[in-house]
file run.cif (mmCIF, C-alpha atoms)
data_protein
loop_
_atom_site.group_PDB
_atom_site.id
_atom_site.type_symbol
_atom_site.label_atom_id
_atom_site.label_comp_id
_atom_site.auth_asym_id
_atom_site.auth_seq_id
_atom_site.Cartn_x
_atom_site.Cartn_y
_atom_site.Cartn_z
ATOM 1 C CA MET J 1 -79.640 -11.275 -119.138
ATOM 2 C CA LYS J 2 -80.786 -8.126 -120.928
ATOM 3 C CA ARG J 3 -81.377 -5.185 -118.612
ATOM 4 C CA ARG J 4 -84.906 -3.843 -118.620
ATOM 5 C CA THR J 5 -85.096 -0.197 -119.665
ATOM 6 C CA ALA J 6 -87.544 2.192 -118.070
ATOM 7 C CA SER J 7 -90.672 3.143 -119.976
ATOM 8 C CA ARG J 8 -91.439 6.743 -120.726
ATOM 9 C CA LYS J 9 -93.947 8.043 -118.240
ATOM 10 C CA PRO J 10 -97.437 8.325 -119.675
ATOM 11 C CA THR J 11 -98.334 11.753 -121.072
ATOM 12 C CA LYS J 12 -101.073 11.144 -123.649
ATOM 13 C CA PHE J 13 -104.571 10.115 -122.661
ATOM 14 C CA PRO J 14 -107.902 9.837 -124.479
ATOM 15 C CA THR J 15 -110.038 12.905 -123.655
ATOM 16 C CA GLU J 16 -112.731 10.735 -122.107
ATOM 17 C CA ASN J 17 -110.154 9.204 -119.753
ATOM 18 C CA THR J 18 -109.428 12.387 -117.780
ATOM 19 C CA PHE J 19 -111.134 12.487 -114.382
ATOM 20 C CA GLU J 20 -111.138 15.445 -111.984
ATOM 21 C CA ARG J 21 -111.981 15.533 -108.291
ATOM 22 C CA TRP J 22 -112.850 11.869 -108.074
ATOM 23 C CA THR J 23 -113.136 10.041 -104.751
ATOM 24 C CA SER J 24 -112.332 6.455 -103.876
ATOM 25 C CA GLU J 25 -116.067 5.704 -104.056
ATOM 26 C CA GLN J 26 -116.119 6.589 -107.759
ATOM 27 C CA MET J 27 -113.087 4.373 -108.364
ATOM 28 C CA ARG J 28 -114.566 1.393 -106.546
ATOM 29 C CA PRO J 29 -116.284 -0.327 -109.542
ATOM 30 C CA TYR J 30 -113.139 -0.377 -111.679
ATOM 31 C CA GLN J 31 -110.763 -3.325 -111.374
ATOM 32 C CA GLU J 32 -108.482 -2.423 -114.290
ATOM 33 C CA VAL J 33 -107.688 1.191 -115.128
ATOM 34 C CA GLU J 34 -105.723 1.891 -118.307
ATOM 35 C CA GLN J 35 -104.493 5.135 -119.882
ATOM 36 C CA CYS J 36 -106.337 7.316 -117.383
ATOM 37 C CA ARG J 37 -105.435 10.718 -115.989
ATOM 38 C CA PHE J 38 -106.612 11.692 -112.509
ATOM 39 C CA ILE J 39 -106.452 15.350 -111.454
ATOM 40 C CA ASN J 40 -107.120 16.836 -107.987
ATOM 41 C CA CYS J 41 -108.624 13.594 -106.702
ATOM 42 C CA ASP J 42 -108.941 12.592 -103.050
ATOM 43 C CA PHE J 43 -108.013 8.930 -102.752
ATOM 44 C CA SER J 44 -106.750 9.158 -99.167
ATOM 45 C CA ASN J 45 -107.355 5.891 -97.283
ATOM 46 C CA ALA J 46 -108.723 4.353 -100.503
ATOM 47 C CA ASP J 47 -108.714 0.591 -100.915
ATOM 48 C CA PHE J 48 -107.048 -0.136 -104.256
ATOM 49 C CA SER J 49 -106.351 -3.755 -103.363
ATOM 50 C CA ASN J 50 -105.944 -5.992 -106.428
ATOM 51 C CA LYS J 51 -106.717 -3.182 -108.893
ATOM 52 C CA ARG J 52 -104.461 -2.752 -111.945
ATOM 53 C CA PHE J 53 -103.267 0.657 -113.096
ATOM 54 C CA ILE J 54 -101.621 0.683 -116.533
ATOM 55 C CA ASP J 55 -100.093 3.786 -118.184
ATOM 56 C CA CYS J 56 -101.904 6.114 -115.762
ATOM 57 C CA SER J 57 -101.137 9.526 -114.302
ATOM 58 C CA PHE J 58 -102.105 11.013 -110.940
ATOM 59 C CA GLU J 59 -101.707 14.808 -110.685
ATOM 60 C CA ASN J 60 -102.240 16.853 -107.504
ATOM 61 C CA CYS J 61 -103.964 13.872 -105.908
ATOM 62 C CA ASN J 62 -104.030 12.783 -102.276
ATOM 63 C CA LEU J 63 -103.351 9.047 -101.964
ATOM 64 C CA SER J 64 -102.093 9.114 -98.372
ATOM 65 C CA LEU J 65 -102.555 5.781 -96.602
ATOM 66 C CA ALA J 66 -104.174 4.215 -99.670
ATOM 67 C CA SER J 67 -104.081 0.413 -99.575
ATOM 68 C CA LEU J 68 -102.268 -1.179 -102.516
ATOM 69 C CA ALA J 69 -102.337 -4.831 -101.440
ATOM 70 C CA GLY J 70 -101.948 -6.889 -104.602
ATOM 71 C CA ALA J 71 -102.362 -3.816 -106.809
ATOM 72 C CA GLY J 72 -100.627 -3.637 -110.169
ATOM 73 C CA MET J 73 -98.702 -0.446 -110.957
ATOM 74 C CA GLN J 74 -97.507 -0.663 -114.563
ATOM 75 C CA ASN J 75 -95.907 2.570 -115.772
ATOM 76 C CA VAL J 76 -97.780 4.889 -113.404
ATOM 77 C CA ALA J 77 -96.751 8.522 -112.897
ATOM 78 C CA PHE J 78 -97.402 10.618 -109.801
ATOM 79 C CA GLN J 79 -96.990 14.385 -110.007
ATOM 80 C CA ALA J 80 -97.397 16.766 -107.045
ATOM 81 C CA CYS J 81 -99.197 14.015 -105.107
ATOM 82 C CA LYS J 82 -99.416 13.268 -101.388
ATOM 83 C CA LEU J 83 -98.530 9.613 -100.802
ATOM 84 C CA ALA J 84 -97.722 9.568 -97.081
ATOM 85 C CA GLY J 85 -97.671 6.111 -95.530
ATOM 86 C CA VAL J 86 -98.328 4.212 -98.766
ATOM 87 C CA GLN J 87 -96.949 0.651 -98.741
ATOM 88 C CA PHE J 88 -95.723 0.201 -102.312
ATOM 89 C CA THR J 89 -94.098 -2.997 -101.091
ATOM 90 C CA ALA J 90 -97.600 -4.553 -101.147
ATOM 91 C CA CYS J 91 -97.949 -4.010 -104.918
ATOM 92 C CA ARG J 92 -97.542 -6.848 -107.384
ATOM 93 C CA ASP J 93 -93.948 -7.294 -108.456
ATOM 94 C CA MET J 94 -94.724 -8.127 -112.080
ATOM 95 C CA LEU J 95 -94.182 -5.094 -114.364
ATOM 96 C CA PHE J 96 -94.021 -2.741 -111.352
ATOM 97 C CA GLU J 97 -92.944 0.679 -112.635
ATOM 98 C CA VAL J 98 -93.597 4.097 -111.117
ATOM 99 C CA HIS J 99 -92.426 7.690 -111.634
ATOM 100 C CA PHE J 100 -92.523 10.459 -109.010
ATOM 101 C CA ASP J 101 -92.273 14.223 -109.531
ATOM 102 C CA GLN J 102 -92.722 16.795 -106.723
ATOM 103 C CA CYS J 103 -94.413 14.250 -104.457
ATOM 104 C CA GLN J 104 -94.684 13.939 -100.679
ATOM 105 C CA LEU J 105 -93.636 10.343 -99.959
ATOM 106 C CA SER J 106 -92.987 10.456 -96.215
ATOM 107 C CA TYR J 107 -93.248 7.133 -94.346
ATOM 108 C CA THR J 108 -93.766 5.114 -97.517
ATOM 109 C CA SER J 109 -92.221 1.683 -98.040
ATOM 110 C CA PHE J 110 -90.541 0.194 -101.080
ATOM 111 C CA TYR J 111 -89.167 -2.746 -99.096
ATOM 112 C CA GLY J 112 -87.899 -5.442 -101.458
ATOM 113 C CA LYS J 113 -89.275 -3.780 -104.615
ATOM 114 C CA ARG J 114 -87.413 -4.236 -107.889
ATOM 115 C CA MET J 115 -87.472 -0.788 -109.453
ATOM 116 C CA PRO J 116 -84.316 -0.059 -111.434
ATOM 117 C CA ASP J 117 -84.163 3.220 -113.379
ATOM 118 C CA THR J 118 -86.933 4.786 -111.273
ATOM 119 C CA ARG J 119 -86.899 8.591 -111.224
ATOM 120 C CA PHE J 120 -87.690 10.567 -108.082
ATOM 121 C CA GLU J 121 -87.669 14.275 -108.972
ATOM 122 C CA ASN J 122 -87.934 17.021 -106.334
ATOM 123 C CA CYS J 123 -89.654 14.695 -103.859
ATOM 124 C CA ALA J 124 -89.801 14.694 -100.064
ATOM 125 C CA LEU J 125 -88.687 11.162 -99.121
ATOM 126 C CA THR J 126 -88.588 11.466 -95.341
ATOM 127 C CA ASP J 127 -88.410 8.197 -93.354
ATOM 128 C CA VAL J 128 -88.903 6.017 -96.431
ATOM 129 C CA ASP J 129 -87.981 2.310 -96.247
ATOM 130 C CA PHE J 130 -85.832 1.230 -99.200
ATOM 131 C CA THR J 131 -84.538 -1.919 -97.474
ATOM 132 C CA SER J 132 -83.658 -4.723 -99.939
ATOM 133 C CA ALA J 133 -85.009 -2.724 -102.903
ATOM 134 C CA ASP J 134 -83.332 -2.743 -106.311
ATOM 135 C CA LEU J 135 -82.752 0.927 -107.151
ATOM 136 C CA SER J 136 -79.906 0.412 -109.596
ATOM 137 C CA ASN J 137 -79.593 3.392 -111.946
ATOM 138 C CA ALA J 138 -82.371 5.219 -110.070
ATOM 139 C CA THR J 139 -82.299 9.023 -109.942
ATOM 140 C CA PHE J 140 -82.995 11.104 -106.835
ATOM 141 C CA GLN J 141 -82.994 14.558 -108.414
ATOM 142 C CA GLY J 142 -83.477 17.372 -105.901
ATOM 143 C CA CYS J 143 -84.902 14.977 -103.288
ATOM 144 C CA THR J 144 -84.678 15.160 -99.497
ATOM 145 C CA LEU J 145 -84.016 11.759 -97.899
ATOM 146 C CA ASN J 146 -83.860 12.541 -94.179
ATOM 147 C CA GLY J 147 -84.382 9.411 -92.093
ATOM 148 C CA SER J 148 -84.787 7.117 -95.084
ATOM 149 C CA VAL J 149 -83.437 3.596 -94.661
ATOM 150 C CA PHE J 150 -81.040 2.004 -97.130
ATOM 151 C CA ALA J 151 -80.041 -1.527 -96.077
ATOM 152 C CA GLN J 152 -79.049 -4.279 -98.526
ATOM 153 C CA THR J 153 -80.355 -1.856 -101.165
ATOM 154 C CA GLN J 154 -79.035 -2.251 -104.700
ATOM 155 C CA LEU J 155 -77.758 1.238 -105.573
ATOM 156 C CA ASN J 156 -75.284 0.531 -108.363
ATOM 157 C CA GLY J 157 -75.375 3.426 -110.822
ATOM 158 C CA ALA J 158 -77.897 5.432 -108.750
ATOM 159 C CA ASP J 159 -77.666 9.219 -108.949
ATOM 160 C CA PHE J 160 -77.653 11.128 -105.642
ATOM 161 C CA ARG J 161 -75.789 14.218 -106.877
ATOM 162 C CA THR J 162 -78.596 16.668 -106.065
ATOM 163 C CA ALA J 163 -80.159 14.715 -103.180
ATOM 164 C CA THR J 164 -79.792 15.780 -99.547
ATOM 165 C CA GLY J 165 -80.239 14.321 -96.069
ATOM 166 C CA PHE J 166 -79.330 10.725 -96.892
ATOM 167 C CA ILE J 167 -77.198 8.372 -94.829
ATOM 168 C CA ILE J 168 -76.013 5.333 -96.790
ATOM 169 C CA ASP J 169 -73.650 2.694 -95.415
ATOM 170 C CA PRO J 170 -71.302 1.591 -98.242
ATOM 171 C CA ASP J 171 -70.582 -1.642 -96.340
ATOM 172 C CA ILE J 172 -74.143 -2.963 -96.694
ATOM 173 C CA ASN J 173 -75.351 -1.269 -99.895
ATOM 174 C CA PRO J 174 -73.803 -1.990 -103.340
ATOM 175 C CA LEU J 175 -72.778 1.423 -104.733
ATOM 176 C CA LYS J 176 -70.662 0.661 -107.785
ATOM 177 C CA LYS J 177 -70.773 3.628 -110.193
ATOM 178 C CA ALA J 178 -73.304 5.451 -107.990
ATOM 179 C CA ARG J 179 -72.943 9.208 -108.312
ATOM 180 C CA PHE J 180 -72.634 11.677 -105.436
ATOM 181 C CA ALA J 181 -71.768 15.356 -105.149
ATOM 182 C CA LEU J 182 -68.977 16.373 -102.773
ATOM 183 C CA GLU J 183 -71.626 17.800 -100.412
ATOM 184 C CA GLY J 184 -73.128 14.321 -100.086
ATOM 185 C CA LEU J 185 -69.920 12.766 -98.787
ATOM 186 C CA PRO J 186 -70.901 13.107 -95.090
ATOM 187 C CA GLY J 187 -73.913 10.860 -95.758
ATOM 188 C CA LEU J 188 -71.558 8.060 -96.845
ATOM 189 C CA VAL J 189 -68.977 8.262 -94.061
ATOM 190 C CA SER J 190 -71.041 9.323 -91.035
ATOM 191 C CA LYS J 191 -70.745 5.907 -89.358
ATOM 192 C CA TYR J 192 -66.960 6.234 -89.312
ATOM 193 C CA GLY J 193 -67.058 9.445 -87.259
ATOM 194 C CA VAL J 194 -65.227 11.272 -90.042
ATOM 195 C CA ILE J 195 -65.571 15.039 -90.137
ATOM 196 C CA VAL J 196 -65.868 16.461 -93.641
ATOM 197 C CA GLU J 197 -65.213 20.202 -93.870
#
call {"tool": "encode", "arguments": {"input": "run.cif", "output": "structure tokens"}}
result
Amino acid sequence: MKRRTASRKPTKFPTENTFERWTSEQMRPYQEVEQCRFINCDFSNADFSNKRFIDCSFENCNLSLASLAGAGMQNVAFQACKLAGVQFTACRDMLFEVHFDQCQLSYTSFYGKRMPDTRFENCALTDVDFTSADLSNATFQGCTLNGSVFAQTQLNGADFRTATGFIIDPDINPLKKARFALEGLPGLVSKYGVIVE
């Protein structure tokens, strides 16, 4: 089976598709949103259930506790966004693809999501649930992962070299060709009571 390659995150948008300081009320009438750029919008507690976002970008937006039940996220980029408590696990699986840069993702869930090649760059990923997710070849560049849960998580080829705060059990998470810096070694052997100096 041919491995799916990640799309380039969206960077070009029609001028008329840039929206600043929108609220969830303004988004309500739209069921499918394509090639749109949202800047400084407050979508906290928004109900995005069953909406489809295609090739969109959210910049400096607050989406904390937004509901994504049945939502489609197809090549959607989040930059400097607050996404606390968002249940990405509720999104549609088909064509699910997201990118995160400088985001606050505390208490989010990616339980069971298939998201190989996903890039998390300089994100706060505190207490995130990655249980049963496919994160093969994912990158966690400059991310903090304190309290995040990795269990039966596919991590083959994932890059944790600049990530901190993670604890990953090699016995229950496939890690073939995953990359770690020497400083990250304690996060892999902590359950064995090994002291790394």
call {"tool": "resolve_selection", "arguments": {"input": "run.cif", "expression": "the PyMOL selection byres ((chain J and resi 140-145) around 9)", "output": "list in words"}}
result
Gln102, Thr118, Arg119, Phe120, Glu121, Asn122, Cys123, Ala124, Leu125, Thr126, Asp127, Val128, Ala138, Thr139, Asn146, Gly147, Ser148, Val149, Ala158, Asp159, Phe160, Arg161, Thr162, Ala163, Thr164, Gly165, Phe166 and Ile167 of chain J
call {"tool": "atom_distance", "arguments": {"input": "run.cif", "atom1": "atom CA of J:Gln79", "atom2": "atom CA of J:Gln152"}}
result
28.3 Å
call {"tool": "resolve_selection", "arguments": {"input": "run.cif", "expression": "the PyMOL selection byres ((chain J and resi 171-173) around 7)", "output": "PyMOL selection string"}}
result
chain J and resi 151-155+169-170+174-175
call {"tool": "axis_aligned_box", "arguments": {"input": "run.cif", "around": "stretch 69-79 of chain J", "padding_each_side": "3 Å", "output": "JSON"}}
result
{"center_x": -99.1, "center_y": 3.7, "center_z": -108.6, "size_x": 12.5, "size_y": 27.3, "size_z": 20.3}
call {"tool": "resolve_selection", "arguments": {"input": "run.cif", "expression": "the PyMOL selection byres ((chain J and resi 131) around 9)", "output": "PyMOL selection string"}}
result
chain J and resi 109-113+129-130+132-134+149-153
call {"tool": "atom_distance", "arguments": {"input": "run.cif", "atom1": "atom CA of J:Met115", "atom2": "atom CA of J:Glu97"}}
result
6.5 Å
call {"tool": "closest_residue", "arguments": {"input": "run.cif", "among": "J:Thr23, J:Lys12, J:Gln87, J:Leu95", "to": "J:Arg52", "atoms": "all atoms listed in the file"}}
result
J:Leu95
call {"tool": "closest_residue", "arguments": {"input": "run.cif", "among": "J:Thr89, J:Thr11, J:Ser24, J:Ser49", "to": "J:Cys36", "atoms": "all atoms listed in the file"}}
result
J:Thr11
call {"tool": "closest_residue", "arguments": {"input": "run.cif", "among": "J:Gly187, J:Gln104, J:Phe38, J:Asn50", "to": "J:Val86", "atoms": "only C-alpha atoms"}}
result
J:Gln104
call {"tool": "decode", "arguments": {"input": "run.cif", "residues": "stretch 62-173 of chain J", "atoms": "C-alpha atoms", "output": "PDB file, in the first residue's frame"}}
result
ATOM      1  CA  ASN J  62      -9.183  31.078  20.194  1.00  0.00           C
ATOM      2  CA  LEU J  63     -10.907  27.747  19.528  1.00  0.00           C
ATOM      3  CA  SER J  64     -10.811  26.462  23.109  1.00  0.00           C
ATOM      4  CA  LEU J  65     -13.554  23.929  23.824  1.00  0.00           C
ATOM      5  CA  ALA J  66     -14.934  24.213  20.289  1.00  0.00           C
ATOM      6  CA  SER J  67     -17.094  21.231  19.334  1.00  0.00           C
ATOM      7  CA  LEU J  68     -15.868  19.329  16.276  1.00  0.00           C
ATOM      8  CA  ALA J  69     -18.316  16.413  16.282  1.00  0.00           C
ATOM      9  CA  GLY J  70     -18.405  15.078  12.732  1.00  0.00           C
ATOM     10  CA  ALA J  71     -16.378  18.027  11.434  1.00  0.00           C
ATOM     11  CA  GLY J  72     -14.077  17.594   8.459  1.00  0.00           C
ATOM     12  CA  MET J  73     -10.534  18.953   8.798  1.00  0.00           C
ATOM     13  CA  GLN J  74      -8.818  18.591   5.421  1.00  0.00           C
ATOM     14  CA  ASN J  75      -5.395  20.251   5.334  1.00  0.00           C
ATOM     15  CA  VAL J  76      -6.101  22.834   8.041  1.00  0.00           C
ATOM     16  CA  ALA J  77      -3.323  24.893   9.642  1.00  0.00           C
ATOM     17  CA  PHE J  78      -3.398  26.430  13.112  1.00  0.00           C
ATOM     18  CA  GLN J  79      -0.840  29.086  14.004  1.00  0.00           C
ATOM     19  CA  ALA J  80      -0.526  30.710  17.450  1.00  0.00           C
ATOM     20  CA  CYS J  81      -4.010  29.433  18.346  1.00  0.00           C
ATOM     21  CA  LYS J  82      -5.559  28.429  21.666  1.00  0.00           C
ATOM     22  CA  LEU J  83      -7.146  24.988  21.305  1.00  0.00           C
ATOM     23  CA  ALA J  84      -7.496  23.879  24.931  1.00  0.00           C
ATOM     24  CA  GLY J  85      -9.859  20.964  25.457  1.00  0.00           C
ATOM     25  CA  VAL J  86     -10.646  20.417  21.771  1.00  0.00           C
ATOM     26  CA  GLN J  87     -11.654  16.825  20.952  1.00  0.00           C
ATOM     27  CA  PHE J  88     -10.057  16.262  17.548  1.00  0.00           C
ATOM     28  CA  THR J  89     -10.969  12.611  17.997  1.00  0.00           C
ATOM     29  CA  ALA J  90     -14.567  13.619  17.140  1.00  0.00           C
ATOM     30  CA  CYS J  91     -13.560  14.830  13.654  1.00  0.00           C
ATOM     31  CA  ARG J  92     -14.266  12.781  10.554  1.00  0.00           C
ATOM     32  CA  ASP J  93     -11.473  10.357   9.788  1.00  0.00           C
ATOM     33  CA  MET J  94     -11.634  10.760   6.014  1.00  0.00           C
ATOM     34  CA  LEU J  95      -8.871  13.092   4.734  1.00  0.00           C
ATOM     35  CA  PHE J  96      -8.147  14.331   8.279  1.00  0.00           C
ATOM     36  CA  GLU J  97      -5.001  16.470   8.118  1.00  0.00           C
ATOM     37  CA  VAL J  98      -3.909  19.262  10.448  1.00  0.00           C
ATOM     38  CA  HIS J  99      -0.785  21.359  11.075  1.00  0.00           C
ATOM     39  CA  PHE J 100       0.080  23.137  14.340  1.00  0.00           C
ATOM     40  CA  ASP J 101       2.592  25.941  14.914  1.00  0.00           C
ATOM     41  CA  GLN J 102       3.024  27.760  18.261  1.00  0.00           C
ATOM     42  CA  CYS J 103      -0.339  26.522  19.539  1.00  0.00           C
ATOM     43  CA  GLN J 104      -1.692  25.875  23.031  1.00  0.00           C
ATOM     44  CA  LEU J 105      -3.153  22.358  22.831  1.00  0.00           C
ATOM     45  CA  SER J 106      -3.540  21.465  26.506  1.00  0.00           C
ATOM     46  CA  TYR J 107      -6.147  18.799  27.341  1.00  0.00           C
ATOM     47  CA  THR J 108      -6.913  18.064  23.697  1.00  0.00           C
ATOM     48  CA  SER J 109      -7.577  14.553  22.409  1.00  0.00           C
ATOM     49  CA  PHE J 110      -6.368  12.827  19.272  1.00  0.00           C
ATOM     50  CA  TYR J 111      -7.519   9.414  20.495  1.00  0.00           C
ATOM     51  CA  GLY J 112      -7.502   6.920  17.625  1.00  0.00           C
ATOM     52  CA  LYS J 113      -6.797   9.536  14.926  1.00  0.00           C
ATOM     53  CA  ARG J 114      -4.788   8.524  11.871  1.00  0.00           C
ATOM     54  CA  MET J 115      -2.434  11.439  11.329  1.00  0.00           C
ATOM     55  CA  PRO J 116       0.935  10.327   9.974  1.00  0.00           C
ATOM     56  CA  ASP J 117       3.453  13.039   9.045  1.00  0.00           C
ATOM     57  CA  THR J 118       1.685  15.647  11.196  1.00  0.00           C
ATOM     58  CA  ARG J 119       3.908  18.530  12.303  1.00  0.00           C
ATOM     59  CA  PHE J 120       3.644  20.056  15.768  1.00  0.00           C
ATOM     60  CA  GLU J 121       6.040  23.016  15.950  1.00  0.00           C
ATOM     61  CA  ASN J 122       6.758  24.880  19.204  1.00  0.00           C
ATOM     62  CA  CYS J 123       3.446  23.796  20.738  1.00  0.00           C
ATOM     63  CA  ALA J 124       2.366  23.306  24.346  1.00  0.00           C
ATOM     64  CA  LEU J 125       0.935  19.762  24.384  1.00  0.00           C
ATOM     65  CA  THR J 126       0.225  19.353  28.088  1.00  0.00           C
ATOM     66  CA  ASP J 127      -2.041  16.437  29.097  1.00  0.00           C
ATOM     67  CA  VAL J 128      -2.905  15.548  25.500  1.00  0.00           C
ATOM     68  CA  ASP J 129      -4.391  12.106  24.745  1.00  0.00           C
ATOM     69  CA  PHE J 130      -2.605  10.388  21.853  1.00  0.00           C
ATOM     70  CA  THR J 131      -3.873   6.905  22.764  1.00  0.00           C
ATOM     71  CA  SER J 132      -4.193   4.587  19.725  1.00  0.00           C
ATOM     72  CA  ALA J 133      -3.321   7.415  17.307  1.00  0.00           C
ATOM     73  CA  ASP J 134      -1.168   6.874  14.225  1.00  0.00           C
ATOM     74  CA  LEU J 135       1.626   9.448  14.504  1.00  0.00           C
ATOM     75  CA  SER J 136       4.150   7.649  12.328  1.00  0.00           C
ATOM     76  CA  ASN J 137       6.722  10.094  10.945  1.00  0.00           C
ATOM     77  CA  ALA J 138       5.156  12.941  12.949  1.00  0.00           C
ATOM     78  CA  THR J 139       7.389  15.788  14.135  1.00  0.00           C
ATOM     79  CA  PHE J 140       7.268  17.340  17.605  1.00  0.00           C
ATOM     80  CA  GLN J 141       9.677  20.225  17.057  1.00  0.00           C
ATOM     81  CA  GLY J 142      10.297  22.295  20.187  1.00  0.00           C
ATOM     82  CA  CYS J 143       7.139  20.953  21.866  1.00  0.00           C
ATOM     83  CA  THR J 144       6.453  20.372  25.560  1.00  0.00           C
ATOM     84  CA  LEU J 145       4.582  17.112  26.211  1.00  0.00           C
ATOM     85  CA  ASN J 146       4.210  17.043  29.997  1.00  0.00           C
ATOM     86  CA  GLY J 147       1.457  14.655  31.064  1.00  0.00           C
ATOM     87  CA  SER J 148       0.574  13.610  27.528  1.00  0.00           C
ATOM     88  CA  VAL J 149      -0.535  10.006  27.098  1.00  0.00           C
ATOM     89  CA  PHE J 150       1.023   7.668  24.552  1.00  0.00           C
ATOM     90  CA  ALA J 151      -0.524   4.179  24.684  1.00  0.00           C
ATOM     91  CA  GLN J 152      -0.731   1.829  21.686  1.00  0.00           C
ATOM     92  CA  THR J 153       0.338   4.903  19.701  1.00  0.00           C
ATOM     93  CA  GLN J 154       2.030   4.317  16.356  1.00  0.00           C
ATOM     94  CA  LEU J 155       5.266   6.322  16.626  1.00  0.00           C
ATOM     95  CA  ASN J 156       7.480   4.662  14.028  1.00  0.00           C
ATOM     96  CA  GLY J 157       9.716   7.310  12.474  1.00  0.00           C
ATOM     97  CA  ALA J 158       8.404  10.105  14.742  1.00  0.00           C
ATOM     98  CA  ASP J 159      10.833  12.889  15.629  1.00  0.00           C
ATOM     99  CA  PHE J 160      11.109  13.836  19.318  1.00  0.00           C
ATOM    100  CA  ARG J 161      14.659  15.224  19.194  1.00  0.00           C
ATOM    101  CA  THR J 162      13.704  18.729  20.352  1.00  0.00           C
ATOM    102  CA  ALA J 163      10.627  17.771  22.399  1.00  0.00           C
ATOM    103  CA  THR J 164      10.604  17.800  26.202  1.00  0.00           C
ATOM    104  CA  GLY J 165       8.525  16.430  29.071  1.00  0.00           C
ATOM    105  CA  PHE J 166       7.349  13.236  27.382  1.00  0.00           C
ATOM    106  CA  ILE J 167       7.105   9.786  28.925  1.00  0.00           C
ATOM    107  CA  ILE J 168       6.756   7.020  26.334  1.00  0.00           C
ATOM    108  CA  ASP J 169       6.700   3.313  27.165  1.00  0.00           C
ATOM    109  CA  PRO J 170       8.595   1.433  24.408  1.00  0.00           C
ATOM    110  CA  ASP J 171       6.790  -1.782  25.403  1.00  0.00           C
ATOM    111  CA  ILE J 172       3.360  -0.512  24.321  1.00  0.00           C
ATOM    112  CA  ASN J 173       4.225   2.030  21.606  1.00  0.00           C
TER     113      ASN J 173
END
